[in-house]
Number of protein chains: 4
Amino acid sequence: MINRIVPGIDDDKFIREKAPMTKNEVRVVTCSKLNIESDSRILDIGGGTGSTSIEFASLSPEIRVTVIERNRDSYELILKNIDKFCLGNVRAIHGKACGDLPEEEFDRVFIGGSGGNMEDIFKWMEIHLVDGGTVVSNTVTIENLFVFTKLLKEYGYSDIDVTQMSVSKGKNVANLTMMIANNPIYIVSGRK
Amino acid sequence: MINRIVPGIDDDKFIREKAPMTKNEVRVVTCSKLNIESDSRILDIGGGTGSTSIEFASLSPEIRVTVIERNRDSYELILKNIDKFCLGNVRAIHGKACGDLPEEEFDRVFIGGSGGNMEDIFKWMEIHLVDGGTVVSNTVTIENLFVFTKLLKEYGYSDIDVTQMSVSKGKNVANLTMMIANNPIYIVSGRK
Amino acid sequence: MINRIVPGIDDDKFIREKAPMTKNEVRVVTCSKLNIESDSRILDIGGGTGSTSIEFASLSPEIRVTVIERNRDSYELILKNIDKFCLGNVRAIHGKACGDLPEEEFDRVFIGGSGGNMEDIFKWMEIHLVDGGTVVSNTVTIENLFVFTKLLKEYGYSDIDVTQMSVSKGKNVANLTMMIANNPIYIVSGRK
Amino acid sequence: MINRIVPGIDDDKFIREKAPMTKNEVRVVTCSKLNIESDSRILDIGGGTGSTSIEFASLSPEIRVTVIERNRDSYELILKNIDKFCLGNVRAIHGKACGDLPEEEFDRVFIGGSGGNMEDIFKWMEIHLVDGGTVVSNTVTIENLFVFTKLLKEYGYSDIDVTQMSVSKGKNVANLTMMIANNPIYIVSGRK
């Protein structure tokens with residue numbers, strides 16, 4: 001069977017309700033920055049709709065994704081999306097990072113939302129992110145951008161990459177192509 | 001053996017000389033928009049450094065990439081990069097689109113540079129791009145953006161997507177993170 | 001009396017209803033590109049809320065602004081805004097460019113919306129825009145961008161400037177500064 | 001005599017040498033955010049080429065601009081530009097903020113470069129910026145963006161505005177319009 005081998009699930013394939021969602025192009029670049037391998041154990045903190053977890057998990061059946069989300073509605077939305085995509089390699093946890101995280105090792109950590117506990121997450125990663133593992137944080141606020149970048153340096157991460165991505169999408173209006181902006185995202189990554 | 005399964009080869013891995021190069025994040029999104037499958041036959045028109053061809057070919061050994069480039073220096077640079085990455089599934093042609101293109105079918109066509117022959121390329125694709133196949137053009141000029149989008153409509157392509165992507169990269173200057181802009185790119189795609 | 005001498009009326013000072021509005025920063029740069037002088041006669045085609053006309057007219061009491069708008073609701077909204085800002089130097093016309101334009105000369109022409117009659121407007125400007133006068137068009141579609149730029153060249157305009165401006169604004173969310181994007185605008189200008 | 005009454009001096013009118021320069025569109029929006037009045041006393045910290053000071057001073061002969069620059073070459077470049085524009089209302093100081101600043105009051109403060117002394121500048125402004133006066137900082141680094149925004153809040157400034165502006169300029173290449181990006185700038189302002 002021939003399969004799509006690149007990330008990029010259409011935005012409208014996800015059940016969205018009211019949760020914010022990482023859009024297609026940003027999700028694709030996030031997969032790349034995470035440097036996902038065919039058997040990576042990935043933690044997704046602050047899952048939202050679950051779109052990033054589902055994108056990660058779709059890349060290979062041997063990938064194992066754990067997603068944690070503290071908001072009850074979002075958690076249930078993630079369950080719906082996992083169900084819709086028939087994925088057996090995503091586990092969802094309703095709870096807070098880091099208190100409700102499992103005592104396991106991860107190869108990759110993606111932070112879509114930190115809930116203000118960024119320093120706690122770095123302390124937790126000292127034990128649970130493997131050496132050489134990659135962490136990526138997508139931020140839309142200038143404060144989280146600053147704090148995450150600062151912590152990457154303080155905790156001695158290497159290969160620090162700060163990428164701002166602004167995407168606009170053409171929308172057909174009266175047979176003209178009107179460009180509509182998505183909000184700019186900072187994608188910041190480092191290697192432990 | 002465990003492999004990276006997402007696109008995103010570091011820019012500085014390529015031999016660049018004076019040719020313009022599609023930067024990392026744009027190359028990654030281009031792979032996604034091309035919707036590459038594990039055995040796709042891909043044509044890359046206007047190869048530049050060869051970075052896109054190499055990115056495509058690295059995704060799977062069964063992918064077959066043909067790259068055509070009319071500039072002699074760029075053509076030789078592409079050969080050097082193919083050699084550096086030890087890829088057996090990229091074929092480079094020194095010549096012009098469409099006159100020097102082989103009489104073969106392709107599943108995917110990527111246009112990095114058209115040299116002003118955009119309409120010719122569409123005529124050529126009527127015969128050589130498989131039905132259901134995808135074409136992607138990356139343009140940096142407002143004229144090529146307009147012409148390519150117009151031709152997609154005239155030739156009846158579906159799923160037309162116009163994405164503008166502006167990427168800035170953090171550069172360490174005196175221990176501060178200064179944001180440096182890459183030029184904005186329009187990534188336009190359609191399905192035959 | 002001491003006065004503000006730079007453009008930049010706050011967006012929320014305008015009555016907006018459902019009409020699209022040129023945002024603060026784009027309006028400011030538009031004034032600059034129009035190279036407005038203290039006694040300029042300015043035509044504003046496709047007024048929307050009237051925000052650009054009001055910005056122009058506020059720069060000097062000797063400036064005379066004519067704004068034409070074909071949509072009845074928008075026309076009435078413009079009248080309300082002129083009234084709110086107590087400006088005696090803005091005249092509003094309910095009608096179409098160019099058929100309903102007065103037989104007068106103008107020093108500056110601003111095109112916020114063309115309704116598809118861009119070539120007609122250029123023909124009209126051959127007679128009604130003074131030599132050395134400036135025209136500026138703000139476009140959000142790739143088709144109007146292409147057509148306007150092409151016409152500037154065909155009609156022999158000089159000092160052609162194409163500027164794309166993408167603005168994001170910080171919004172206070174839970175004491176963090178979240179960046180929210182406005183749609184990207186192309187501001188294109190030329191001198192007759 | 002009729003005068004240009006909007007900011008926006010062409011970039012190529014300035015003598016530039018090797019100093020970084022605030023580009024046209026950003027300079028124009030900076031004038032607007034500073035809310036300059038016809039008799040404002042303006043301090044420009046970190047003058048670079050002097051382009052912002054000259055833009056401010058050109059708006060009205062009653063405006064008085066003081067520009068301070070610690071780099072000797074840049075200081076001399078500023079003197080050359082003041083001379084070129086024949087402005088009698090700009091005073092240049094070779095020295096550091098805040099130690100070498102005069103014991104005077106200002107209505108507006110523009111910070112183009114802080115040299116790392118941002119908190120010192122806020123302490124100095126407690127005494128030397130009039131109540132109701134406006135401060136604007138243009139930053140290209142995520143650290144200065146964070147620090148300046150934080151200090152605005154800590155020192156109780158109101159009407160805080162965070163604007164990111166990304167400008168691309170069309171360049172004529174082989175009769176096509178290629179879009180070339182300027183680096184993104186954060187323009188942050190507040191009222192004391």
# chains A, B, ... in the order shown; residues from 1 in each chain; ligands from 1
$ calpha_fit_and_write --fixed "chain C" --moving "chain D" --output "PDB file with C-alpha atoms, in the first residue's frame"
ATOM      1  CA  MET D   1      -2.928  75.879  19.920  1.00  0.00           C
ATOM      2  CA  ILE D   2      -0.703  72.823  19.690  1.00  0.00           C
ATOM      3  CA  ASN D   3      -1.773  70.075  17.343  1.00  0.00           C
ATOM      4  CA  ARG D   4      -0.837  66.530  16.516  1.00  0.00           C
ATOM      5  CA  ILE D   5       1.002  66.877  13.221  1.00  0.00           C
ATOM      6  CA  VAL D   6       1.441  63.227  12.305  1.00  0.00           C
ATOM      7  CA  PRO D   7      -1.227  60.888  10.943  1.00  0.00           C
ATOM      8  CA  GLY D   8      -2.472  57.958  13.061  1.00  0.00           C
ATOM      9  CA  ILE D   9      -6.023  58.333  14.351  1.00  0.00           C
ATOM     10  CA  ASP D  10      -6.894  55.455  16.695  1.00  0.00           C
ATOM     11  CA  ASP D  11      -8.933  52.719  15.014  1.00  0.00           C
ATOM     12  CA  ASP D  12     -11.589  52.804  17.704  1.00  0.00           C
ATOM     13  CA  LYS D  13     -12.298  56.489  17.106  1.00  0.00           C
ATOM     14  CA  PHE D  14     -14.133  55.561  13.895  1.00  0.00           C
ATOM     15  CA  ILE D  15     -17.709  54.315  13.683  1.00  0.00           C
ATOM     16  CA  ARG D  16     -17.166  50.980  11.939  1.00  0.00           C
ATOM     17  CA  GLU D  17     -20.364  48.924  11.633  1.00  0.00           C
ATOM     18  CA  LYS D  18     -19.705  46.183   9.071  1.00  0.00           C
ATOM     19  CA  ALA D  19     -17.451  48.000   6.600  1.00  0.00           C
ATOM     20  CA  PRO D  20     -13.820  46.897   6.239  1.00  0.00           C
ATOM     21  CA  MET D  21     -11.424  49.529   7.590  1.00  0.00           C
ATOM     22  CA  THR D  22      -7.844  50.440   6.776  1.00  0.00           C
ATOM     23  CA  LYS D  23      -6.046  49.923  10.080  1.00  0.00           C
ATOM     24  CA  ASN D  24      -3.960  52.581  11.833  1.00  0.00           C
ATOM     25  CA  GLU D  25      -0.441  51.635  10.740  1.00  0.00           C
ATOM     26  CA  VAL D  26      -1.416  51.043   7.110  1.00  0.00           C
ATOM     27  CA  ARG D  27      -3.325  54.330   7.032  1.00  0.00           C
ATOM     28  CA  VAL D  28      -0.253  56.136   8.336  1.00  0.00           C
ATOM     29  CA  VAL D  29       2.061  54.649   5.699  1.00  0.00           C
ATOM     30  CA  THR D  30      -0.562  55.351   3.018  1.00  0.00           C
ATOM     31  CA  CYS D  31      -0.487  59.066   3.933  1.00  0.00           C
ATOM     32  CA  SER D  32       3.276  58.975   3.558  1.00  0.00           C
ATOM     33  CA  LYS D  33       3.236  57.169   0.204  1.00  0.00           C
ATOM     34  CA  LEU D  34       0.620  59.657  -1.086  1.00  0.00           C
ATOM     35  CA  ASN D  35       3.150  62.380  -0.230  1.00  0.00           C
ATOM     36  CA  ILE D  36       0.344  64.665   0.895  1.00  0.00           C
ATOM     37  CA  GLU D  37       1.018  68.406   0.901  1.00  0.00           C
ATOM     38  CA  SER D  38      -0.758  71.061   2.913  1.00  0.00           C
ATOM     39  CA  ASP D  39      -3.148  72.040   0.102  1.00  0.00           C
ATOM     40  CA  SER D  40      -3.503  68.738  -1.795  1.00  0.00           C
ATOM     41  CA  ARG D  41      -6.753  67.932  -3.597  1.00  0.00           C
ATOM     42  CA  ILE D  42      -7.202  64.238  -2.841  1.00  0.00           C
ATOM     43  CA  LEU D  43      -9.598  61.722  -4.363  1.00  0.00           C
ATOM     44  CA  ASP D  44     -10.396  58.591  -2.309  1.00  0.00           C
ATOM     45  CA  ILE D  45     -11.981  55.837  -4.427  1.00  0.00           C
ATOM     46  CA  GLY D  46     -13.902  53.218  -2.477  1.00  0.00           C
ATOM     47  CA  GLY D  47     -14.081  54.841   0.911  1.00  0.00           C
ATOM     48  CA  GLY D  48     -15.256  51.977   3.163  1.00  0.00           C
ATOM     49  CA  THR D  49     -15.669  53.556   6.589  1.00  0.00           C
ATOM     50  CA  GLY D  50     -14.151  56.832   5.453  1.00  0.00           C
ATOM     51  CA  SER D  51     -11.174  56.346   7.754  1.00  0.00           C
ATOM     52  CA  THR D  52      -8.582  57.164   5.079  1.00  0.00           C
ATOM     53  CA  SER D  53     -10.458  60.275   3.916  1.00  0.00           C
ATOM     54  CA  ILE D  54     -10.736  61.504   7.476  1.00  0.00           C
ATOM     55  CA  GLU D  55      -7.060  60.849   8.117  1.00  0.00           C
ATOM     56  CA  PHE D  56      -6.123  62.801   4.970  1.00  0.00           C
ATOM     57  CA  ALA D  57      -8.473  65.687   5.768  1.00  0.00           C
ATOM     58  CA  SER D  58      -7.263  65.944   9.366  1.00  0.00           C
ATOM     59  CA  LEU D  59      -3.712  66.724   8.261  1.00  0.00           C
ATOM     60  CA  SER D  60      -4.506  70.321   7.233  1.00  0.00           C
ATOM     61  CA  PRO D  61      -7.659  72.426   6.878  1.00  0.00           C
ATOM     62  CA  GLU D  62      -6.557  73.463   3.368  1.00  0.00           C
ATOM     63  CA  ILE D  63      -6.534  69.881   2.119  1.00  0.00           C
ATOM     64  CA  ARG D  64      -9.697  69.031   0.181  1.00  0.00           C
ATOM     65  CA  VAL D  65     -10.801  65.424   0.058  1.00  0.00           C
ATOM     66  CA  THR D  66     -13.396  63.902  -2.269  1.00  0.00           C
ATOM     67  CA  VAL D  67     -14.479  60.379  -1.433  1.00  0.00           C
ATOM     68  CA  ILE D  68     -16.617  58.211  -3.711  1.00  0.00           C
ATOM     69  CA  GLU D  69     -18.358  55.043  -2.538  1.00  0.00           C
ATOM     70  CA  ARG D  70     -20.904  52.971  -4.433  1.00  0.00           C
ATOM     71  CA  ASN D  71     -22.312  50.989  -1.522  1.00  0.00           C
ATOM     72  CA  ARG D  72     -25.212  52.860   0.079  1.00  0.00           C
ATOM     73  CA  ASP D  73     -24.542  51.645   3.640  1.00  0.00           C
ATOM     74  CA  SER D  74     -20.848  52.463   3.431  1.00  0.00           C
ATOM     75  CA  TYR D  75     -21.658  55.868   1.962  1.00  0.00           C
ATOM     76  CA  GLU D  76     -23.890  56.668   4.910  1.00  0.00           C
ATOM     77  CA  LEU D  77     -21.261  55.382   7.316  1.00  0.00           C
ATOM     78  CA  ILE D  78     -18.740  57.762   5.744  1.00  0.00           C
ATOM     79  CA  LEU D  79     -21.172  60.659   6.293  1.00  0.00           C
ATOM     80  CA  LYS D  80     -21.495  59.666   9.956  1.00  0.00           C
ATOM     81  CA  ASN D  81     -17.736  59.591  10.422  1.00  0.00           C
ATOM     82  CA  ILE D  82     -17.228  62.938   8.669  1.00  0.00           C
ATOM     83  CA  ASP D  83     -19.852  64.325  11.013  1.00  0.00           C
ATOM     84  CA  LYS D  84     -18.199  62.785  14.065  1.00  0.00           C
ATOM     85  CA  PHE D  85     -14.838  64.331  13.209  1.00  0.00           C
ATOM     86  CA  CYS D  86     -16.426  67.740  12.379  1.00  0.00           C
ATOM     87  CA  LEU D  87     -14.530  68.016   9.119  1.00  0.00           C
ATOM     88  CA  GLY D  88     -15.541  70.675   6.606  1.00  0.00           C
ATOM     89  CA  ASN D  89     -13.011  69.637   3.976  1.00  0.00           C
ATOM     90  CA  VAL D  90     -14.351  66.205   2.982  1.00  0.00           C
ATOM     91  CA  ARG D  91     -17.011  65.798   0.307  1.00  0.00           C
ATOM     92  CA  ALA D  92     -18.673  62.377  -0.088  1.00  0.00           C
ATOM     93  CA  ILE D  93     -20.233  61.147  -3.340  1.00  0.00           C
ATOM     94  CA  HIS D  94     -22.522  58.154  -3.568  1.00  0.00           C
ATOM     95  CA  GLY D  95     -21.695  56.563  -6.892  1.00  0.00           C
ATOM     96  CA  LYS D  96     -19.256  54.685  -9.055  1.00  0.00           C
ATOM     97  CA  ALA D  97     -15.744  55.424 -10.237  1.00  0.00           C
ATOM     98  CA  CYS D  98     -15.297  56.762 -12.819  1.00  0.00           C
ATOM     99  CA  GLY D  99     -18.829  57.502 -14.108  1.00  0.00           C
ATOM    100  CA  ASP D 100     -19.910  59.525 -11.115  1.00  0.00           C
ATOM    101  CA  LEU D 101     -16.661  61.375 -10.544  1.00  0.00           C
ATOM    102  CA  PRO D 102     -16.660  65.172 -10.863  1.00  0.00           C
ATOM    103  CA  GLU D 103     -14.967  66.949 -13.789  1.00  0.00           C
ATOM    104  CA  GLU D 104     -12.118  68.260 -11.676  1.00  0.00           C
ATOM    105  CA  GLU D 105      -8.384  67.923 -11.257  1.00  0.00           C
ATOM    106  CA  PHE D 106      -6.798  66.091  -8.366  1.00  0.00           C
ATOM    107  CA  ASP D 107      -3.244  66.102  -6.986  1.00  0.00           C
ATOM    108  CA  ARG D 108      -3.490  62.720  -5.301  1.00  0.00           C
ATOM    109  CA  VAL D 109      -5.620  59.624  -5.939  1.00  0.00           C
ATOM    110  CA  PHE D 110      -6.033  56.844  -3.397  1.00  0.00           C
ATOM    111  CA  ILE D 111      -7.674  53.594  -4.459  1.00  0.00           C
ATOM    112  CA  GLY D 112      -8.936  51.561  -1.524  1.00  0.00           C
ATOM    113  CA  GLY D 113     -11.256  49.516  -3.715  1.00  0.00           C
ATOM    114  CA  SER D 114     -11.601  49.535  -7.483  1.00  0.00           C
ATOM    115  CA  GLY D 115     -14.622  47.344  -8.094  1.00  0.00           C
ATOM    116  CA  GLY D 116     -12.810  45.846 -11.030  1.00  0.00           C
ATOM    117  CA  ASN D 117     -12.530  49.080 -13.034  1.00  0.00           C
ATOM    118  CA  MET D 118      -8.805  49.620 -12.637  1.00  0.00           C
ATOM    119  CA  GLU D 119      -8.117  50.316 -16.326  1.00  0.00           C
ATOM    120  CA  ASP D 120     -10.990  52.834 -16.439  1.00  0.00           C
ATOM    121  CA  ILE D 121      -9.470  54.631 -13.477  1.00  0.00           C
ATOM    122  CA  PHE D 122      -6.119  54.901 -15.269  1.00  0.00           C
ATOM    123  CA  LYS D 123      -7.839  56.349 -18.363  1.00  0.00           C
ATOM    124  CA  TRP D 124      -9.676  58.812 -16.131  1.00  0.00           C
ATOM    125  CA  MET D 125      -6.429  59.764 -14.378  1.00  0.00           C
ATOM    126  CA  GLU D 126      -4.840  60.602 -17.742  1.00  0.00           C
ATOM    127  CA  ILE D 127      -7.121  63.661 -17.743  1.00  0.00           C
ATOM    128  CA  HIS D 128      -7.849  64.316 -14.052  1.00  0.00           C
ATOM    129  CA  LEU D 129      -4.654  63.560 -12.138  1.00  0.00           C
ATOM    130  CA  VAL D 130      -2.154  66.426 -12.453  1.00  0.00           C
ATOM    131  CA  ASP D 131       1.272  65.703 -13.921  1.00  0.00           C
ATOM    132  CA  GLY D 132       3.599  64.863 -11.050  1.00  0.00           C
ATOM    133  CA  GLY D 133       0.609  63.730  -9.002  1.00  0.00           C
ATOM    134  CA  THR D 134       0.723  60.518  -7.007  1.00  0.00           C
ATOM    135  CA  VAL D 135      -1.601  57.512  -7.060  1.00  0.00           C
ATOM    136  CA  VAL D 136      -1.612  54.875  -4.304  1.00  0.00           C
ATOM    137  CA  SER D 137      -3.545  51.625  -4.296  1.00  0.00           C
ATOM    138  CA  ASN D 138      -3.930  49.369  -1.267  1.00  0.00           C
ATOM    139  CA  THR D 139      -4.717  45.825  -2.330  1.00  0.00           C
ATOM    140  CA  VAL D 140      -5.318  42.580  -0.494  1.00  0.00           C
ATOM    141  CA  THR D 141      -5.694  40.349  -3.564  1.00  0.00           C
ATOM    142  CA  ILE D 142      -2.922  39.012  -5.758  1.00  0.00           C
ATOM    143  CA  GLU D 143      -4.926  39.816  -8.901  1.00  0.00           C
ATOM    144  CA  ASN D 144      -5.410  43.527  -8.128  1.00  0.00           C
ATOM    145  CA  LEU D 145      -1.788  43.744  -7.051  1.00  0.00           C
ATOM    146  CA  PHE D 146      -0.684  42.398 -10.428  1.00  0.00           C
ATOM    147  CA  VAL D 147      -3.084  44.508 -12.502  1.00  0.00           C
ATOM    148  CA  PHE D 148      -2.346  47.790 -10.716  1.00  0.00           C
ATOM    149  CA  THR D 149       1.434  47.295 -10.935  1.00  0.00           C
ATOM    150  CA  LYS D 150       1.151  46.415 -14.632  1.00  0.00           C
ATOM    151  CA  LEU D 151      -0.988  49.469 -15.398  1.00  0.00           C
ATOM    152  CA  LEU D 152       1.437  51.788 -13.592  1.00  0.00           C
ATOM    153  CA  LYS D 153       4.132  50.609 -16.008  1.00  0.00           C
ATOM    154  CA  GLU D 154       1.913  50.689 -19.117  1.00  0.00           C
ATOM    155  CA  TYR D 155       0.765  54.247 -18.425  1.00  0.00           C
ATOM    156  CA  GLY D 156       4.343  55.375 -17.854  1.00  0.00           C
ATOM    157  CA  TYR D 157       4.231  56.214 -14.158  1.00  0.00           C
ATOM    158  CA  SER D 158       7.591  56.738 -12.448  1.00  0.00           C
ATOM    159  CA  ASP D 159       8.913  56.109  -8.925  1.00  0.00           C
ATOM    160  CA  ILE D 160       6.881  52.890  -8.709  1.00  0.00           C
ATOM    161  CA  ASP D 161       6.991  51.520  -5.181  1.00  0.00           C
ATOM    162  CA  VAL D 162       5.604  48.136  -4.119  1.00  0.00           C
ATOM    163  CA  THR D 163       5.469  47.674  -0.343  1.00  0.00           C
ATOM    164  CA  GLN D 164       3.992  44.715   1.468  1.00  0.00           C
ATOM    165  CA  MET D 165       3.187  45.466   5.077  1.00  0.00           C
ATOM    166  CA  SER D 166       2.275  42.792   7.623  1.00  0.00           C
ATOM    167  CA  VAL D 167       1.286  44.143  11.006  1.00  0.00           C
ATOM    168  CA  SER D 168       0.599  42.170  14.188  1.00  0.00           C
ATOM    169  CA  LYS D 169      -0.772  43.766  17.321  1.00  0.00           C
ATOM    170  CA  GLY D 170      -0.142  42.733  20.902  1.00  0.00           C
ATOM    171  CA  LYS D 171      -3.284  41.792  22.796  1.00  0.00           C
ATOM    172  CA  ASN D 172      -3.323  41.379  26.560  1.00  0.00           C
ATOM    173  CA  VAL D 173      -4.468  37.827  27.352  1.00  0.00           C
ATOM    174  CA  ALA D 174      -4.093  36.699  30.990  1.00  0.00           C
ATOM    175  CA  ASN D 175      -1.334  39.297  31.465  1.00  0.00           C
ATOM    176  CA  LEU D 176       0.601  37.931  28.487  1.00  0.00           C
ATOM    177  CA  THR D 177       1.068  39.765  25.190  1.00  0.00           C
ATOM    178  CA  MET D 178      -0.378  37.642  22.412  1.00  0.00           C
ATOM    179  CA  MET D 179       0.424  38.737  18.880  1.00  0.00           C
ATOM    180  CA  ILE D 180      -2.633  38.939  16.593  1.00  0.00           C
ATOM    181  CA  ALA D 181      -2.077  39.366  12.855  1.00  0.00           C
ATOM    182  CA  ASN D 182      -3.809  41.835  10.587  1.00  0.00           C
ATOM    183  CA  ASN D 183      -4.078  40.693   6.990  1.00  0.00           C
ATOM    184  CA  PRO D 184      -1.055  41.616   4.858  1.00  0.00           C
ATOM    185  CA  ILE D 185      -1.573  44.639   2.606  1.00  0.00           C
ATOM    186  CA  TYR D 186       0.201  45.653  -0.577  1.00  0.00           C
ATOM    187  CA  ILE D 187       0.638  49.412  -0.805  1.00  0.00           C
ATOM    188  CA  VAL D 188       1.589  50.284  -4.396  1.00  0.00           C
ATOM    189  CA  SER D 189       2.319  53.807  -5.579  1.00  0.00           C
ATOM    190  CA  GLY D 190       3.527  55.708  -8.630  1.00  0.00           C
ATOM    191  CA  ARG D 191       3.986  59.248  -9.863  1.00  0.00           C
ATOM    192  CA  LYS D 192       2.363  60.429 -13.102  1.00  0.00           C
TER     193      LYS D 192
END
$ select_by_dssp --residues "chain D" --states "strand (DSSP E)" --output "PyMOL selection string"
chain D and resi 41-45+64-69+90-94+106-111+129-139+158-173+176-181+185-191
$ write_last_selection --atoms "C-alpha atoms" --output "short mmCIF file (atom, residue, chain, number, x, y, z; two decimals), in the first residue's frame"
data_model
loop_
_atom_site.label_atom_id
_atom_site.label_comp_id
_atom_site.auth_asym_id
_atom_site.auth_seq_id
_atom_site.Cartn_x
_atom_site.Cartn_y
_atom_site.Cartn_z
CA ARG D 41 11.00 68.34 22.65
CA ILE D 42 12.19 64.92 21.50
CA LEU D 43 15.07 62.80 22.77
CA ASP D 44 16.47 60.14 20.39
CA ILE D 45 18.61 57.56 22.22
CA ARG D 64 13.60 70.42 19.04
CA VAL D 65 15.43 67.13 18.79
CA THR D 66 18.31 65.93 20.96
CA VAL D 67 20.08 62.82 19.76
CA ILE D 68 22.65 60.90 21.81
CA GLU D 69 24.99 58.30 20.32
CA VAL D 90 18.71 68.93 16.00
CA ARG D 91 21.42 68.80 18.64
CA ALA D 92 23.76 65.77 18.68
CA ILE D 93 25.58 64.54 21.80
CA HIS D 94 28.44 62.08 21.72
CA PHE D 106 11.48 66.04 27.19
CA ASP D 107 7.98 65.47 25.79
CA ARG D 108 8.90 62.41 23.75
CA VAL D 109 11.63 59.77 24.06
CA PHE D 110 12.57 57.43 21.24
CA ILE D 111 14.86 54.49 21.96
CA LEU D 129 9.95 62.73 30.64
CA VAL D 130 6.92 64.96 31.24
CA ASP D 131 3.73 63.40 32.59
CA GLY D 132 1.59 62.41 29.62
CA GLY D 133 4.72 62.15 27.49
CA THR D 134 5.25 59.22 25.16
CA VAL D 135 8.14 56.77 24.91
CA VAL D 136 8.66 54.50 21.88
CA SER D 137 11.22 51.74 21.54
CA ASN D 138 12.02 49.95 18.29
CA THR D 139 13.54 46.55 18.97
CA SER D 158 -0.63 53.54 30.09
CA ASP D 159 -1.83 53.03 26.50
CA ILE D 160 0.81 50.35 25.96
CA ASP D 161 0.94 49.37 22.30
CA VAL D 162 2.98 46.48 20.89
CA THR D 163 3.16 46.47 17.09
CA GLN D 164 5.20 44.09 14.98
CA MET D 165 5.78 45.38 11.49
CA SER D 166 7.19 43.24 8.67
CA VAL D 167 7.84 45.13 5.47
CA SER D 168 8.88 43.70 2.10
CA LYS D 169 9.86 45.87 -0.83
CA GLY D 170 9.41 45.12 -4.51
CA LYS D 171 12.65 45.06 -6.46
CA ASN D 172 12.73 45.08 -10.25
CA VAL D 173 14.57 41.94 -11.41
CA LEU D 176 9.57 41.12 -12.58
CA THR D 177 8.78 42.45 -9.10
CA MET D 178 10.67 40.38 -6.56
CA MET D 179 9.70 40.90 -2.94
CA ILE D 180 12.68 41.48 -0.61
CA ALA D 181 12.09 41.37 3.15
CA ILE D 185 10.64 45.29 13.90
CA TYR D 186 8.74 45.56 17.16
CA ILE D 187 7.54 49.11 17.79
CA VAL D 188 6.47 49.37 21.44
CA SER D 189 5.05 52.52 22.99
CA GLY D 190 3.51 53.79 26.22
CA ARG D 191 2.35 57.00 27.83
#
